[in-house]
Amino acid sequence: MSAYRERVHRTGAARSTVLRTVGRRERRSHLTAPRVPTVGIDIGGTKVMAGVVDPDGHILEQLRTETPDKSKSPKVVEDTIVELVLDLSERHDVHAVGIGAAGWVDADRSRVLFAPHLSWRDEPLRDRLAERLLVPVMVDNDANTAAWAEWRFGAGRGEDHLVMITLGTGIGGAILEDGQVKRGRWGVAGEFGHMQVVPGGHRCACGNRGCWEQYSSGNALVREARELAAAESPVAYGIIDRVGGQIGDITGPLITELARGGDAMCVELFQDIGHWLGVGIANLAAALDPSCFVVGGGVSAADDLLITPARDAFRRTLTGRGYRPEARIVRAQLGPEAGMVGAADLARLVARRFRRTNRRRVERFERGPFQTLLTPRGRAEDER
Ligand SMILES: [Zn+2]
């Protein structure tokens, strides 16, 4: 058993130290953060991804497991996270842990207020995990961590004003300005998916009608394709054949594949959701005026089939068009790992550089003959 794992199992000892450290270190900038590898964890609706990421955004090792079912207690999700971190710590130094969660995280980034796919309700996740893992922990919304990764290492590098839009089953969003994630007063800024774009439109799971994500997301794509297939429209013959008449088997990746192969209906569906994407982006430009929009998430795999109609609609809808510079609309570069990489990099802002030497000191101390190395100065470093 490694010294770290043993300390985690003994738990409690360094608790107050860890919590104080987290509070203070959050104000550090990425420029002054220690160049140490950290662990990033992305908790999505179906899977949990954990990885050790170096300061240049390279993934050193990656693990994944299924997300515990919604019916399970919050403790089960916590146990899953702890186990993944302990597993990675067998082979890597753990200096800090960053969590990107699909849910609302409060402005202090300590509590998950609500997560649609998990049993978390006002869950004090950061402190619970810091207590158990004995390293600084950072919690953030997964769209924020993905945006951070794209800004640091991906499509948004060098942009001072960036808005990220992730098209998955719904729409996630994040705002970055001058190297900072803008979270709003209560931590829930960037919920662009629930801006109303069609009064009285499609019903949304949030309880309202006509939300943007009902017109431009993976769900919208699949809903429209299934509707056409169910109506036995001649334009849908291709996709009906492909799924052998099982309309329930129509998925986003299948529509993307067929569109790439030139299926007219699937290309049109991407033109439709691309159009709505551009309209929504023009609205965001009117409010936020960023220099760059990064489009990520599973649906963005369609690339130009989606981005080209989005750019066209954006240009046609942008307020003040012709008299203002236009923001770039680009596809995200980091793929499904973006949330994990960003969580790890944000965790470096709370990481403790001395961890490696400190741990060596602990190991030597436990072996016996080097007890003098645990000097008062060493302790002071630990407290800092
Ligand atoms: Zn909604």
# chains A, B, ... in the order shown; residues from 1 in each chain; ligands from 1

call {"tool": "closest_atom_pairs", "arguments": {"of": "chain A", "to": "ligand 1", "cutoff": "12 Å", "atoms": "only C-alpha atoms and all ligand atoms", "output": "JSON lines"}}
result
{"residue": "A:Gly170", "atom": "CA", "partner": "ligand 1", "partner_atom_place_in_ligand_line": "1 (Zn)", "distance": 9.0}
{"residue": "A:Ile171", "atom": "CA", "partner": "ligand 1", "partner_atom_place_in_ligand_line": "1 (Zn)", "distance": 9.6}
{"residue": "A:Gly172", "atom": "CA", "partner": "ligand 1", "partner_atom_place_in_ligand_line": "1 (Zn)", "distance": 11.5}
{"residue": "A:Glu191", "atom": "CA", "partner": "ligand 1", "partner_atom_place_in_ligand_line": "1 (Zn)", "distance": 9.3}
{"residue": "A:Phe192", "atom": "CA", "partner": "ligand 1", "partner_atom_place_in_ligand_line": "1 (Zn)", "distance": 9.3}
{"residue": "A:Gly193", "atom": "CA", "partner": "ligand 1", "partner_atom_place_in_ligand_line": "1 (Zn)", "distance": 6.5}
{"residue": "A:His194", "atom": "CA", "partner": "ligand 1", "partner_atom_place_in_ligand_line": "1 (Zn)", "distance": 4.1}
{"residue": "A:Met195", "atom": "CA", "partner": "ligand 1", "partner_atom_place_in_ligand_line": "1 (Zn)", "distance": 7.2}
{"residue": "A:Gln196", "atom": "CA", "partner": "ligand 1", "partner_atom_place_in_ligand_line": "1 (Zn)", "distance": 7.6}
{"residue": "A:Val197", "atom": "CA", "partner": "ligand 1", "partner_atom_place_in_ligand_line": "1 (Zn)", "distance": 10.3}
{"residue": "A:Val198", "atom": "CA", "partner": "ligand 1", "partner_atom_place_in_ligand_line": "1 (Zn)", "distance": 11.2}
{"residue": "A:Pro199", "atom": "CA", "partner": "ligand 1", "partner_atom_place_in_ligand_line": "1 (Zn)", "distance": 11.9}
{"residue": "A:Gly200", "atom": "CA", "partner": "ligand 1", "partner_atom_place_in_ligand_line": "1 (Zn)", "distance": 11.8}
{"residue": "A:Gly201", "atom": "CA", "partner": "ligand 1", "partner_atom_place_in_ligand_line": "1 (Zn)", "distance": 10.6}
{"residue": "A:His202", "atom": "CA", "partner": "ligand 1", "partner_atom_place_in_ligand_line": "1 (Zn)", "distance": 9.3}
{"residue": "A:Arg203", "atom": "CA", "partner": "ligand 1", "partner_atom_place_in_ligand_line": "1 (Zn)", "distance": 7.7}
{"residue": "A:Cys204", "atom": "CA", "partner": "ligand 1", "partner_atom_place_in_ligand_line": "1 (Zn)", "distance": 4.5}
{"residue": "A:Ala205", "atom": "CA", "partner": "ligand 1", "partner_atom_place_in_ligand_line": "1 (Zn)", "distance": 5.9}
{"residue": "A:Cys206", "atom": "CA", "partner": "ligand 1", "partner_atom_place_in_ligand_line": "1 (Zn)", "distance": 4.3}
{"residue": "A:Gly207", "atom": "CA", "partner": "ligand 1", "partner_atom_place_in_ligand_line": "1 (Zn)", "distance": 6.3}
{"residue": "A:Asn208", "atom": "CA", "partner": "ligand 1", "partner_atom_place_in_ligand_line": "1 (Zn)", "distance": 5.4}
{"residue": "A:Arg209", "atom": "CA", "partner": "ligand 1", "partner_atom_place_in_ligand_line": "1 (Zn)", "distance": 6.6}
{"residue": "A:Gly210", "atom": "CA", "partner": "ligand 1", "partner_atom_place_in_ligand_line": "1 (Zn)", "distance": 7.3}
{"residue": "A:Cys211", "atom": "CA", "partner": "ligand 1", "partner_atom_place_in_ligand_line": "1 (Zn)", "distance": 4.6}
{"residue": "A:Trp212", "atom": "CA", "partner": "ligand 1", "partner_atom_place_in_ligand_line": "1 (Zn)", "distance": 7.4}
{"residue": "A:Glu213", "atom": "CA", "partner": "ligand 1", "partner_atom_place_in_ligand_line": "1 (Zn)", "distance": 6.9}
{"residue": "A:Gln214", "atom": "CA", "partner": "ligand 1", "partner_atom_place_in_ligand_line": "1 (Zn)", "distance": 7.5}
{"residue": "A:Tyr215", "atom": "CA", "partner": "ligand 1", "partner_atom_place_in_ligand_line": "1 (Zn)", "distance": 10.7}
{"residue": "A:Ser216", "atom": "CA", "partner": "ligand 1", "partner_atom_place_in_ligand_line": "1 (Zn)", "distance": 11.9}
{"residue": "A:Ser217", "atom": "CA", "partner": "ligand 1", "partner_atom_place_in_ligand_line": "1 (Zn)", "distance": 11.9}

call {"tool": "write_last_selection", "arguments": {"atoms": "C-alpha atoms", "output": "compact mmCIF listing (two decimals), in the first residue's frame"}}
result
# COMPACT_ATOMS: atom_id res chain seq x y z
CA GLY A 170 -28.76 19.49 -24.50
CA ILE A 171 -26.71 22.69 -24.68
CA GLY A 172 -24.04 23.57 -22.13
CA GLU A 191 -27.13 28.07 -19.09
CA PHE A 192 -27.66 29.21 -22.67
CA GLY A 193 -29.64 26.10 -23.58
CA HIS A 194 -32.69 27.42 -21.76
CA MET A 195 -32.93 30.81 -23.44
CA GLN A 196 -36.35 30.92 -25.08
CA VAL A 197 -36.01 31.15 -28.86
CA VAL A 198 -39.48 30.00 -29.99
CA PRO A 199 -42.41 31.27 -27.87
CA GLY A 200 -44.77 28.37 -27.22
CA GLY A 201 -42.37 25.96 -28.94
CA HIS A 202 -41.32 22.43 -28.01
CA ARG A 203 -41.67 21.45 -24.37
CA CYS A 204 -38.33 21.29 -22.52
CA ALA A 205 -37.40 19.12 -19.52
CA CYS A 206 -36.70 22.34 -17.58
CA GLY A 207 -40.46 22.97 -17.51
CA ASN A 208 -40.60 25.74 -20.12
CA ARG A 209 -41.35 25.74 -23.82
CA GLY A 210 -39.25 26.79 -26.82
CA CYS A 211 -35.81 26.57 -25.18
CA TRP A 212 -32.81 26.87 -27.52
CA GLU A 213 -31.68 23.31 -26.79
CA GLN A 214 -34.99 22.01 -28.13
CA TYR A 215 -33.89 23.26 -31.58
CA SER A 216 -30.13 22.84 -31.59
CA SER A 217 -28.84 19.74 -29.79

call {"tool": "select_by_dssp", "arguments": {"residues": "segment 184-238 of chain A", "states": "helix (DSSP H, G or I)", "output": "ChimeraX atom specification"}}
result
/A:192-194,212-214,218-230,234-238

call {"tool": "write_last_selection", "arguments": {"atoms": "C-alpha atoms", "output": "PDB file, in the first residue's frame"}}
result
ATOM      1  CA  PHE A 192     -27.658  29.213 -22.668  1.00  0.00           C
ATOM      2  CA  GLY A 193     -29.636  26.104 -23.577  1.00  0.00           C
ATOM      3  CA  HIS A 194     -32.694  27.421 -21.759  1.00  0.00           C
ATOM      4  CA  TRP A 212     -32.809  26.866 -27.522  1.00  0.00           C
ATOM      5  CA  GLU A 213     -31.675  23.309 -26.791  1.00  0.00           C
ATOM      6  CA  GLN A 214     -34.987  22.008 -28.128  1.00  0.00           C
ATOM      7  CA  GLY A 218     -28.436  15.990 -30.084  1.00  0.00           C
ATOM      8  CA  ASN A 219     -31.955  15.555 -28.704  1.00  0.00           C
ATOM      9  CA  ALA A 220     -33.396  17.891 -31.337  1.00  0.00           C
ATOM     10  CA  LEU A 221     -31.561  16.015 -34.093  1.00  0.00           C
ATOM     11  CA  VAL A 222     -32.835  12.614 -32.969  1.00  0.00           C
ATOM     12  CA  ARG A 223     -36.376  13.856 -32.303  1.00  0.00           C
ATOM     13  CA  GLU A 224     -36.699  15.315 -35.802  1.00  0.00           C
ATOM     14  CA  ALA A 225     -35.239  12.212 -37.484  1.00  0.00           C
ATOM     15  CA  ARG A 226     -37.569   9.893 -35.555  1.00  0.00           C
ATOM     16  CA  GLU A 227     -40.563  12.104 -36.365  1.00  0.00           C
ATOM     17  CA  LEU A 228     -39.825  11.911 -40.088  1.00  0.00           C
ATOM     18  CA  ALA A 229     -39.236   8.157 -39.875  1.00  0.00           C
ATOM     19  CA  ALA A 230     -42.456   7.604 -37.916  1.00  0.00           C
ATOM     20  CA  PRO A 234     -40.020   9.302 -48.387  1.00  0.00           C
ATOM     21  CA  VAL A 235     -37.039  11.468 -47.343  1.00  0.00           C
ATOM     22  CA  ALA A 236     -36.555   9.106 -44.370  1.00  0.00           C
ATOM     23  CA  TYR A 237     -36.433   5.842 -46.376  1.00  0.00           C
ATOM     24  CA  GLY A 238     -32.635   5.732 -46.127  1.00  0.00           C
TER      25      GLY A 238
END

call {"tool": "residues_around", "arguments": {"residues": "Ala344 of chain A", "least_positions_apart": "6", "cutoff": "8 Å", "atoms": "only C-alpha atoms", "output": "MDAnalysis selection string"}}
result
chainID A and resid 38:41 51:53 96:99

call {"tool": "atom_distance", "arguments": {"atom1": "atom CA of Arg64 of chain A", "atom2": "atom CA of Ala147 of chain A"}}
result
21.0 Å

call {"tool": "residues_around", "arguments": {"residues": "Ser71 of chain A", "least_positions_apart": "3", "cutoff": "12 Å", "atoms": "only C-alpha atoms", "output": "PyMOL selection string"}}
result
chain A and resi 67-68+74-77+116-120

call {"tool": "atom_distance", "arguments": {"atom1": "atom CA of Ala347 of chain A", "atom2": "atom CA of Pro37 of chain A"}}
result
9.6 Å

call {"tool": "residues_around", "arguments": {"residues": "Ala107 of chain A", "least_positions_apart": "5", "cutoff": "8 Å", "atoms": "only C-alpha atoms", "output": "list in words"}}
result
Arg183, Gly184, Arg185, Trp186, Gly187 and Val188 of chain A
